[in-house]
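Asks: This is the structure I want to talk about, given as structure tokens.
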Amino acid sequence: MKKYKEVSIDSTTQQMYERAREMGIETVWERLEKQQPQCGYGLLGVCCRNCMMGPCRINPFGGEPRRGVCGADADTIVARNLLRMIAAGAAAHSDHGRHVALTLLIAAEMAEKFKKEGKPVLELDNMASSTLPYQVRDVEKLKAVAERLGIETEGKTIRELAKEVAEVALHDFGKQDEEALAFLKAYLNPKTYEVFEKAAEKAGMPWFENGILPRGIDREIVESLHRTHIGTDHDPVSILLHGLKTSLGDAWGGSLIATELQDILFGTPQVIKAEANLGVLKEDYVNIVVHGHEPVLSEKIVEAAQDPELIELAQKLGAKGINVVGMCCTGLEVLMRHGIPIAGNFLQQEMAIVTGAVEAMVVDVQCIMPATVDVARCFHTKIIDTSPLATFPGAIHIKFDERRADEIAKEIVKTAVENFPNRSKQRVEIPKEKMAGYVGFSVEAILKHFGGSLKPLEEAIVEGKIKGVAGLVGCNNPKIKQDHNHIKIANELMKRDVLLIGTGCWATAAMKYGIFLPEYADTENVGPGLREFAKEWGIPPALNMGSCVDCTRMLVLADLIARDLNVPISALPVVGSAPEAMTEKAVSIGTYFVASGITTHLGIIPPVLGGPKVVKILTQDLYDIVGAAFIVEPDPYKAAKLMYDHIMKKRKELGI
Ligand code: NFS
């Protein structure tokens with residue numbers, strides 16, 4: 001028998017996990033064990049803590065109590081809890097989007113101010129001045145987004161356009177009229193728009209004005225909290241309809257704004273080769289891990305690490321240089337745009353520290369375990385928190401301010417560099433494994449690759465060479481052996497000639513196993529049709545589309561195909577999956593995929609089973625309301641088969 005349990009199919013994680021055990025360091029897996037048995041009421045979603053008459057819980061076996069103190073039954077409680085999860089997920093993505101929009105606005109306003117102070121006008125009008133903390137790196141994209149939004153571009157400076165785009169984005173957060181979001185209207189094809197408009201009526205709730213079209217990003221999130229307050233909304237149907245609406249405010253609002261405006265500020269990803277896994281940490285270098293979600297910070301850290309003075313300081317202190325690597329979604333942001341190596345996905349954050357080779361882990365927001373601080377205490381690693389809204393007890397706080405971005409980024413990198421002499425060489429163990437792969441498949445990069453249109457892909461689908469497309473997303477969850485479901489589902493789908501697109505921790509998992517190499521198409525895990533297509537176009541059988549907010553890239557891609565075929569998204573042979581879902585954000589993503597018409601699989605059972613009506617709505621009734629629903633299946637082989645069957649059903653309906 002093995003001495004330690006197998007927590008991952010990734011040998012680097014397993015190696016570091018065993019090292020942690022040997023050293024007596026507690027990690028996520030021990031903490032999960034200590035939580036056993038986890039609360040059955042919580043797992044089923046039948047526990048309500050929304051008021052102080054409670055907490056209440058419903059007997060899941062049908063006996064008493066059947067109702068909470070206020071009279072809410074299991075379905076009401078389950079639906080309310082789910083809506084709160086969706087709202088929290090949408091809030092996280094959307095607040096990120098707001099931050100990016102504010103950064104673009106601040107940069108444009110600073111350009112205006114500098115111009116008035118007599119600094120070089122041309123550079124500032126083009127927002128290309130090095131005096132600005134943030135510039136417009138992709139002018140083409142700025143113009144394209146402005147045009148989509150109906151902003152007149154003729155005769156305007158880049159600075160003026162940037163400001164206007166930022167203002168339209170910010171307006172979508174707080175507007176109070178009943179109209180759909182400006183970004184949604186600018187991006188969504190009319191057929192899917194119509195589905196959103198009619199969804200509530202189809203569900204028998206015509207009083208939902210404009211169906212499930214989101215009106216204001218913040219408004220839908222606030223309304224979620226309002227509806228779920230004691231004594232407000234009790235019908236699982238209306239609660240869930242509002243969940244769809246809130247998630248659509250995330251998809252076609254908050255997350256979309258994050259992706260599009262990040263592309264404007266930092267450049268739209270283009271295909272580039274890079275590396276993944278813990279082996280990207282370097283023994284002789286100052287290692288800085290950027291972890292979290294917002295490239296507004298990580299972009300600046302990457303830049304500051306190239307500062308000759310800081311490199312010189314690192315060398316003076318005995319290092320060969322400075323090595324910045326990514327973790328989780330902010331890692332994917334700098335991977336996609338600059339080819340910065342990514343050290344790992346969610347379950348590798350503690351493992352990176354256990355190597356003993358990390359001088360600083362620089363964190364912003366979301367998916368960062370507070371436990372990183374405890375693990376770091378066993379080594380010399382400094383955890384540096386940077387976001388005013390995420391403070392980690394025991395960490396160093398160097399809070400970020402966009403207006404002084406360069407100065408603060410340098411201070412952070414300097415703190416890391418100065419920590420290098422504290423590293424204990426005897427305590428360093430970096431796993432060797434790393435893997436190369438091609439990344440950077442933004443919608444723009446995909447279009448460019450196919451010669452300007454999606455025709456080649458659409459033809460391959462119509463011919464049947466490719467059966468359909470699957471979008472894989474999100475998370476690791478220690479309840480599942482790390483990456484196991486990600487890779488199994490990917491392989492099972494590719495074997496059946498399904499082209500994969502994906503983001504988030506799935507994408508990092510796929511990269512670690514070589515799936516983003518064109519050569520992967522030659523393996524037995526890829527069917528003959530997909531192999532032929534991948535080879536013909538020189539692409540891997542799976543495309544990395546970025547971080548979790550970049551799930552919107554997948555939606556925009558699906559939307560373009562739907563436009564070309566003149567159908568709503570729900571008619572396409574397209575499916576989604578979150579094989580190892582964990583976050584509330586993943587719940588929002590799953591919901592907006594389904595609401596947008598993409599039937600989506602979850603590999604972790606969400607806390608809904610205690611509400612039979614809720615389960616029926618989510619897995620069946622939604623087909624009649626939005627043309628898609630959830631598939632819940634923990635077994636990856638069965639899940640892939642169900643997803644494939646759905647694709648084949650859609651093909652049949654389309655007559656292809
Ligand atoms: Ni998205 Fe999952 Fe977190 Fe990124 Fe990873 S856990 S929902 S993939 S890092 S957000």
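The chains in the structure tokens are called A, B, ... from first to last as shown; in each chain the residues are counted from 1, and the ligands are counted from 1 in the order shown.
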Output the neighbourhood of ligand 1 as a ChimeraX atom specification, that is, all protein and nucleic acid residues with some atom at most 7 Å from the ligand, counting only C-alpha atoms and all ligand atoms.

Replies: /A:292,328-329,345-346,366-367,473-476,503-506,547-548,581-583,585-586

Asks: What's around A:Val290 at 9 Å? Count only C-alpha atoms, leave out sequence neighbours fewer than 3 positions away in its own chain, and write the answer as an NGL selection string.

Replies: :A and (297-298 or 301-302 or 324-328 or 330-331 or 360-364)

Asks: Write out as an MDAnalysis selection string the residues lying within 9 Å of stretch 439-448 of chain A, counting only C-alpha atoms and excluding same-chain residues fewer than 5 positions away.

Replies: chainID A and resid 268:274 335:339 453:454 501 511 516 543:546 550 553:554 556:557

Asks: May I have the residues within 6 Å of stretch 565-580 of chain A as a VMD selection string, using only C-alpha atoms and disregarding those fewer than 6 positions away in the same chain?

Replies: chain A and resid 191 to 192 468 to 477 485 to 486 597 to 603 627 647 650 to 651

Asks: Which of these, A:Tyr285, A:Tyr438, A:Phe450, A:Phe392, has the shortest distance to A:Val417 once you count only C-alpha atoms?

Replies: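 Closest residue, counting only C-alpha atoms: A:Tyr285.
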
Asks: Can you work out which one of A:Ile212, A:Val626, A:Glu407, A:Ile396 has the shortest atom-to-atom distance to A:Asp307, counting only C-alpha atoms?

Replies: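 So, comparing all the options, the nearest one is A:Glu407.
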
Asks: Work out how far atom CA of A:Leu170 is from atom CA of A:Leu122, in Å to one decimal.

Replies: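 About the pair atom CA of A:Leu122 and atom CA of A:Leu170: they are 26.6 Å apart.
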
Asks: Record the distance separating atom CA of A:Leu278 and atom CA of A:Ala343, expressed in Å with one decimal.

Replies: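 According to the coordinates, atom CA of A:Leu278 and atom CA of A:Ala343 are separated by 4.6 Å.
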
Asks: Fewer than 2 positions away in the same chain doesn't count, so skip those; otherwise give me all residues within 10 Å of A:Pro190, counting only C-alpha atoms, as a list in words.

Replies: Lys185, Tyr187, Leu188, Thr192, Tyr193, Glu194, Val195, Phe196, Asp559, Ala562, Arg563, Asn566, Val567 and Pro568 of chain A

Asks: Just write the chosen residues, C-alpha atoms, as a compact mmCIF listing (two decimals), in the first residue's frame.

Replies:
# COMPACT_ATOMS: atom_id res chain seq x y z
CA LYS A 185 -27.31 44.42 -27.03
CA TYR A 187 -22.82 41.48 -28.72
CA LEU A 188 -25.78 39.12 -28.77
CA THR A 192 -30.83 34.45 -28.77
CA TYR A 193 -31.98 37.89 -27.61
CA GLU A 194 -35.51 36.80 -28.45
CA VAL A 195 -35.07 33.65 -26.35
CA PHE A 196 -34.12 35.81 -23.34
CA ASP A 559 -22.72 33.57 -30.93
CA ALA A 562 -25.16 31.04 -34.40
CA ARG A 563 -25.26 34.25 -36.43
CA ASN A 566 -29.12 32.16 -38.39
CA VAL A 567 -30.21 30.23 -35.31
CA PRO A 568 -30.17 30.87 -31.56

Asks: Any idea what's packed within 12 Å of stretch 229-235 of chain A, counting only C-alpha atoms, ignoring anything in its chain fewer than 3 positions away? Could you give it as a PyMOL selection string?

Replies: chain A and resi 48-54+68-81+83-84+203-205+222-226+238-242+611+613-614+617

Asks: Can those selected residues be exported to a file as a compact mmCIF listing (two decimals), in the first residue's frame so that it contains N, CA, C and O atoms?

Replies:
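Result file again.txt:
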# COMPACT_ATOMS: atom_id res chain seq x y z
N CYS A 48 -31.41 26.70 5.85
CA CYS A 48 -31.63 28.13 5.60
C CYS A 48 -31.14 28.96 6.78
O CYS A 48 -31.53 28.72 7.92
N ARG A 49 -30.27 29.94 6.47
CA ARG A 49 -29.78 30.83 7.52
C ARG A 49 -30.10 32.28 7.18
O ARG A 49 -29.42 33.19 7.58
N ASN A 50 -31.19 32.46 6.41
CA ASN A 50 -31.47 33.81 5.92
C ASN A 50 -32.13 34.72 6.95
O ASN A 50 -32.33 35.90 6.68
N CYS A 51 -32.58 34.18 8.10
CA CYS A 51 -33.09 35.08 9.13
C CYS A 51 -32.78 34.49 10.51
O CYS A 51 -32.30 33.37 10.62
N MET A 52 -33.07 35.25 11.54
CA MET A 52 -32.67 34.81 12.89
C MET A 52 -33.78 34.05 13.63
O MET A 52 -33.64 33.75 14.81
N MET A 53 -34.86 33.71 12.92
CA MET A 53 -35.78 32.71 13.50
C MET A 53 -35.12 31.34 13.37
O MET A 53 -35.43 30.43 14.10
N GLY A 54 -34.21 31.25 12.39
CA GLY A 54 -33.51 29.99 12.13
C GLY A 54 -32.21 29.94 12.89
O GLY A 54 -32.05 30.66 13.85
N GLY A 68 -39.55 25.53 7.16
CA GLY A 68 -38.82 26.38 8.10
C GLY A 68 -39.81 27.16 8.95
O GLY A 68 -41.03 27.07 8.74
N VAL A 69 -39.30 27.94 9.92
CA VAL A 69 -40.18 28.67 10.83
C VAL A 69 -41.12 29.60 10.07
O VAL A 69 -42.30 29.75 10.39
N CYS A 70 -40.64 30.21 8.98
CA CYS A 70 -41.49 31.13 8.21
C CYS A 70 -42.47 30.38 7.31
O CYS A 70 -43.38 30.96 6.74
N GLY A 71 -42.25 29.07 7.14
CA GLY A 71 -43.13 28.28 6.27
C GLY A 71 -42.48 27.91 4.94
O GLY A 71 -43.10 27.25 4.11
N ALA A 72 -41.25 28.35 4.73
CA ALA A 72 -40.57 28.01 3.46
C ALA A 72 -40.36 26.51 3.37
O ALA A 72 -39.92 25.89 4.35
N ASP A 73 -40.64 25.93 2.20
CA ASP A 73 -40.41 24.49 2.04
C ASP A 73 -39.03 24.25 1.41
O ASP A 73 -38.30 25.19 1.11
N ALA A 74 -38.73 22.98 1.22
CA ALA A 74 -37.39 22.62 0.74
C ALA A 74 -37.06 23.30 -0.58
O ALA A 74 -35.95 23.82 -0.77
N ASP A 75 -38.02 23.32 -1.52
CA ASP A 75 -37.72 23.90 -2.84
C ASP A 75 -37.44 25.39 -2.76
O ASP A 75 -36.55 25.89 -3.45
N THR A 76 -38.21 26.09 -1.92
CA THR A 76 -37.97 27.53 -1.76
C THR A 76 -36.57 27.75 -1.20
O THR A 76 -35.81 28.60 -1.69
N ILE A 77 -36.23 26.97 -0.18
CA ILE A 77 -34.92 27.15 0.47
C ILE A 77 -33.78 26.82 -0.50
O ILE A 77 -32.82 27.58 -0.64
N VAL A 78 -33.92 25.70 -1.20
CA VAL A 78 -32.86 25.29 -2.14
C VAL A 78 -32.69 26.35 -3.24
O VAL A 78 -31.58 26.76 -3.58
N ALA A 79 -33.81 26.81 -3.78
CA ALA A 79 -33.75 27.81 -4.87
C ALA A 79 -33.12 29.11 -4.37
O ALA A 79 -32.29 29.72 -5.06
N ARG A 80 -33.52 29.52 -3.16
CA ARG A 80 -32.96 30.77 -2.62
C ARG A 80 -31.45 30.64 -2.42
O ARG A 80 -30.69 31.55 -2.76
N ASN A 81 -31.03 29.50 -1.86
CA ASN A 81 -29.59 29.31 -1.64
C ASN A 81 -28.83 29.33 -2.97
O ASN A 81 -27.74 29.89 -3.07
N LEU A 83 -29.74 30.83 -5.75
CA LEU A 83 -29.71 32.19 -6.29
C LEU A 83 -28.62 33.02 -5.60
O LEU A 83 -27.92 33.79 -6.24
N ARG A 84 -28.46 32.81 -4.30
CA ARG A 84 -27.39 33.56 -3.60
C ARG A 84 -26.00 33.15 -4.10
O ARG A 84 -25.10 33.96 -4.17
N ALA A 203 -42.09 30.38 -19.05
CA ALA A 203 -42.09 29.74 -17.72
C ALA A 203 -43.37 30.07 -16.96
O ALA A 203 -43.50 29.69 -15.79
N GLY A 204 -44.28 30.79 -17.60
CA GLY A 204 -45.56 31.11 -16.95
C GLY A 204 -45.47 32.31 -16.03
O GLY A 204 -46.29 32.46 -15.12
N MET A 205 -44.50 33.18 -16.24
CA MET A 205 -44.34 34.36 -15.38
C MET A 205 -44.18 35.61 -16.24
O MET A 205 -43.12 36.24 -16.27
N VAL A 222 -28.23 42.84 -6.66
CA VAL A 222 -28.93 43.37 -5.49
C VAL A 222 -30.32 42.75 -5.39
O VAL A 222 -30.77 42.34 -4.32
N GLU A 223 -30.98 42.64 -6.55
CA GLU A 223 -32.33 42.07 -6.52
C GLU A 223 -32.30 40.61 -6.07
O GLU A 223 -33.24 40.12 -5.43
N SER A 224 -31.21 39.92 -6.36
CA SER A 224 -31.08 38.53 -5.89
C SER A 224 -31.11 38.49 -4.36
O SER A 224 -31.75 37.62 -3.75
N LEU A 225 -30.40 39.43 -3.75
CA LEU A 225 -30.38 39.47 -2.28
C LEU A 225 -31.76 39.87 -1.75
O LEU A 225 -32.24 39.34 -0.75
N HIS A 226 -32.39 40.80 -2.44
CA HIS A 226 -33.73 41.24 -2.04
C HIS A 226 -34.74 40.09 -2.11
O HIS A 226 -35.43 39.79 -1.16
N SER A 238 -39.72 31.54 -10.12
CA SER A 238 -39.31 32.94 -10.28
C SER A 238 -37.93 33.18 -9.67
O SER A 238 -37.15 33.98 -10.19
N ILE A 239 -37.64 32.48 -8.58
CA ILE A 239 -36.30 32.64 -7.98
C ILE A 239 -35.24 32.21 -9.00
O ILE A 239 -34.24 32.91 -9.21
N LEU A 240 -35.47 31.08 -9.66
CA LEU A 240 -34.47 30.59 -10.61
C LEU A 240 -34.44 31.43 -11.88
O LEU A 240 -33.37 31.63 -12.47
N LEU A 241 -35.59 31.94 -12.31
CA LEU A 241 -35.58 32.83 -13.48
C LEU A 241 -34.71 34.04 -13.19
O LEU A 241 -33.93 34.48 -14.04
N HIS A 242 -34.84 34.56 -11.99
CA HIS A 242 -33.99 35.70 -11.66
C HIS A 242 -32.52 35.28 -11.59
O HIS A 242 -31.63 36.07 -11.90
N GLY A 611 -34.21 19.73 -3.13
CA GLY A 611 -35.39 20.39 -3.71
C GLY A 611 -35.79 19.73 -5.02
O GLY A 611 -35.30 20.12 -6.08
N LYS A 613 -38.35 19.91 -6.97
CA LYS A 613 -38.86 20.79 -8.03
C LYS A 613 -37.72 21.56 -8.68
O LYS A 613 -37.69 21.76 -9.89
N VAL A 614 -36.79 22.01 -7.83
CA VAL A 614 -35.64 22.77 -8.35
C VAL A 614 -34.83 21.88 -9.30
O VAL A 614 -34.44 22.30 -10.39
N ILE A 617 -36.59 21.60 -12.60
CA ILE A 617 -36.48 22.83 -13.41
C ILE A 617 -35.10 22.88 -14.06
O ILE A 617 -34.95 23.09 -15.27
